[in-house]
Amino acid sequence: HDRLAFECHTMLCGRSVPVVSVFFGLCLALTLVPSLAYVYPCTHKSSSGDFYDLSPLTKCDLSGYTVGSGGGDDQFQVNICQEVDDCGGQEAVCQADYFKAGLASQGSFSDLPGGGKGLVLTYGGGDGAGCPHPRTSIFTFNCDPAATTPVFTYLGEKPQCTYSFQVRSSVACPVQQAPQRQVCPINVWLVPHTHDDVGWLQTIDGYYQSAVKHILDTVVAALVANPSRKFMYVEQAFFWRWWTDPNTSDTQRSQLKTLVQNGQFEFVLGGWTMPDEACTTFGAEVDQLTLGHQFIYNTFNFRPTKGWQIDPFGASSVTPTLSKLAGFDVQLIDRTTNKGEMEANQRLQFVWQGSPSLGKKSEIFGEVMGGGANGYCDWFFSFDFEKDPVNSGNVAQYATTFVNMVNARKGWYKTPNILAQWGCDFAFQNATPMFNSMDKLVAQLQATQDTTHVFVKYATLSEYWQAVFQAVNNNFGDFPVNIGGDFFDYDDSLWWSGYFTSRVQLKGIVRRGEATARAMETLYSIGRASGVAPDTSGTAANQLTPLRLANADATHHDGVTGTSVPEVVSMYENDILNGAQAAGTLGAGVLSAFLGQKTLGGEVAAGPALTTSVDALLNFKNGTIPLVLYNSLGWTRHDIINLPINRNDVRVYDAANRPVVFQVNQNFDVDEFNVTSTYRLFFQASLPALSYVTYFVVSGSSDPEAIPVSEVWAGLEDTTISNNVLAVTLSSSTGRISNVINKVDGVAVDLDLDIARYISLHSGAYAFTPKGNAAPLSAQQPKTTIVKGPIVTEIYQEFVCDGSASSFIKQSIRIVQANASADVQGALCVHFKLGVLPSHHEIVSVVRSSVQSAGVFATDSNGFEMQQRKYVYDLGIQGNYFPMVYAAYIRDRHSQVALIAERSHGAASLVPGELECMVHRNPDMGDGFGPGLTDTDIVRPALRVLVSAPSSVGLHRHSYLHNFPVQAFVAPSVQSVSTFTSAYTSSGQFMAADLPSNVHLLSFTYLQTNQFIIRLTHLFAVDEDESLAVPVTVDLSKLFPKMQVKTITETTLSATKQIVGPAPSQVVLSPKEIRTFVVTF
């Protein structure tokens, strides 16, 4: 019976009433026996002894039949022995205007009046509005052997609110004996799993030693002992540790390979972690997925095809896009708001199209796990086998509980397939006794399946989805469609919008680690592919591994989110910083090789000993210090370089020994990763696409114009500061910016750049729950110091908070004065120094403007695509906060105000014309969902404020310039500029020309031997810009002129599977497209 139930053919089925929902599904024909207490709803025995069975007419997908025409009162949706989904409840009949004309639960059969071959089905209990009685529908069925397809006719309304129909059908012909009952079994796919957090209450190694090692050791033994058992695993950060652990035996590894091959052990998702979806960039998600997939493919020749994001706190619209590009066909998620509504309306399963721009290319089948807030643990928590193992005395009760759970859930789905995900956090630490109890329960359920109609078997996730797809014949037209939608915010009694900002320092380190990894990966790949730094032994590449792993670890949904205990937060931070140092040392070595190369293909002399340390500037005595600047982006950039220095009697020169305009400011201690220094050195650098350029800091002579005097602003009158793009007014009445004019765009916006504070009520690491609206810090104006120089004008402000003796909030607004590009002149660069915050304080940077935004604003989804948001009053402040990874904006027809971030924050627009960003928080309490949050760090985040005409051009460009800064390497001091330039190649460009301004080089990563992964992405969405949101062509064969391309193979996102068809060198990128290539040089 078990085999038959899971392999019988697909057919339409009905079931008993009253009813909640119905399924397409696998059906098992059983002979009616009197002892079976189950009355089939669509059978009738007439007074003459004839039997009728109308079940073949039941529309089990609830689509119903359309009867009548013209809409309104004369058109109906009807079903037989079942409700109609479009009617919105348990109605079997409804009018086109949605009046209920009969409930399925009140259907009753009777003989045809006056005898004859046929019968009558009456539905009562409809709406009573405007009627003398509840609306009623009467169907008269007439036997017509030729009508193999039923013919429905609406006869009219008589008497009032009673609707009559005639149905001619071969199914309405009587038979002389009891009909075969069609019983639709519910197929339950029991999928054992564990969810292993890559850091949370313990470090990664702590969890591995205390739990995960035991899970994998005992699961392998349990599966080997019983071939019917199955298991799925997700987090490769742990699996890799187990696989490479010297204590894991070769026998275990061999057994595991066999289990993967025979389908007992399945890798699902397969990334390094189960990443957060609010605070991560899409580039970081791609990297960690690639890291995991490459390990699985190279070790097991296996490619995961199912997504499993069941513990992140909300779900991003980027998830289905990346999943589809990685070769997945399904994405499961869990933590969502309004799950009960989805269950009641059969919307747990849906077609999910992540990007409107990509359309079908980003479309995947999605499922939200039903059940409680932790749906992925529901089944496991309902059966405590560890305390009460299954035995002969309790197995029947356990089976009854299981069947009751199935029957409670079967109405949530459109097919008769239910996933029973059996596991939870760090489950199966002693797998054998757990499986022994599960074996007994499964045996009991299979022994009673003919009476319960619940068919259970161990399964992998792929087997479950295969059954779902077969049940609908791969036709998903009846499932709801979600286009471009996400699942933020997440509400679990409190709104989980605090973690968008929690642990600001960690979030900054994570973003800097990502930028460093991309820069050094690209630099290493160029060195190796060009032969300048060949690394034939492969040992140099190992210097990238610590940062790769640390960055991947931090994508975990208790990593970058800041929701772990302090010990684990420190682990993430230290691992990234140490990894970045090793990667920087590698990058310095590669650049040194290029500096030492005088001619391509010629001898490579020893280059200078570069370092990423700024100690040379801090200990600068005499001489000339070369600064080798590296631009990892595929566009020319004109940036303001900002470095710490301990003397102001210096000058700056380029490699042609020409003076460079510079500025030395007092150090206001607002720059990220600040080191103790007396001054900050500013100068403008121009770097071609993917290049390095050397500048020189020379001691011993000063330039009075480059050493501006800091002046305390008296605030007696408004002050305007201008450059070629902006005119910024500082108000004497508030002490803050009051107006910004973009002279290039012709846009003027009243703009108040302020700082305010929320007082925590029930906030924690996860939740943001303030006592009320954000309040001003103080009635006092900030103490303002203005420094005007040839490079930047710096407005430094200290805010004094009411009730605080000292200022714990400082900000510096920098306006570029140099004759630079609009990239740097068109932004207000705001740097903060925040902390130590008092308890229960959550600090926001607020932009109040004259923009008529009408309660609509936008934040980016993982830095990939902008997501429009609308203020909803009923959700309160905290329910209207959304993750901002790169950017957020408000706009109207004429103007736009945008924020660009270099780490993730929460952002909101709570009042039209306002945009606020939470920049630091110290609730100093818990929210009941895990570790509390006490954050006493002094943090230095930075924002760019853009005022312009409505456009996405600046958003995208500034997002990448801000998040992938110029990397600075310092060479040992030399006697003069010419000493260095005569010995070394002081500049070099690795790309033939700039990439198109709508294309980003997402990855240039070493894969193996002479193979490299190159990813290109289109920055713009459809209709985002008239000239840039269009297809664009890039010639891969000509992109890197110093490297000869031998082969190009297009692959899935994680580079594990070739996409069928030739891969031409001419690559066409449509809006928002990401394309991945394995290139051999």
# chains A, B, ... in the order shown; residues from 1 in each chain; ligands from 1
>>> select_by_dssp(residues="stretch 648-852 of chain A", states="alpha helix (DSSP H)", output="list of chain:residue names")
A:Ala822, A:Asp823, A:Val824, A:Gln825
>>> select_by_dssp(residues="stretch 681-741 of chain A", states="strand (DSSP E)", output="PyMOL selection string")
chain A and resi 681-687+691-699+710-712+719-722+726-730+737-741
>>> closest_atom_pairs(of="stretch 660-696 of chain A", to="stretch 502-519 of chain A", cutoff="12 Å", atoms="only C-alpha atoms", output="Markdown table")
| residue | atom | partner | partner_atom | distance |
| --- | --- | --- | --- | --- |
| A:Asp671 | CA | A:Gly508 | CA | 11.7 |
| A:Glu672 | CA | A:Gly508 | CA | 8.3 |
| A:Phe673 | CA | A:Ile509 | CA | 8.9 |
| A:Leu690 | CA | A:Ala519 | CA | 9.6 |
| A:Ser691 | CA | A:Ala519 | CA | 11.0 |
| A:Tyr692 | CA | A:Ala519 | CA | 11.6 |
>>> residues_around(residues="A:Ala540", least_positions_apart="5", cutoff="9 Å", atoms="only C-alpha atoms", output="PyMOL selection string")
chain A and resi 524+535+586
>>> closest_atom_pairs(of="stretch 842-929 of chain A", to="stretch 773-779 of chain A", cutoff="9 Å", atoms="only C-alpha atoms", output="Markdown table")
| residue | atom | partner | partner_atom | distance |
| --- | --- | --- | --- | --- |
| A:Glu842 | CA | A:Ala774 | CA | 8.9 |
| A:Ile843 | CA | A:Ala774 | CA | 8.5 |
| A:Val844 | CA | A:Ala774 | CA | 8.0 |
| A:Ile877 | CA | A:Asn773 | CA | 7.7 |
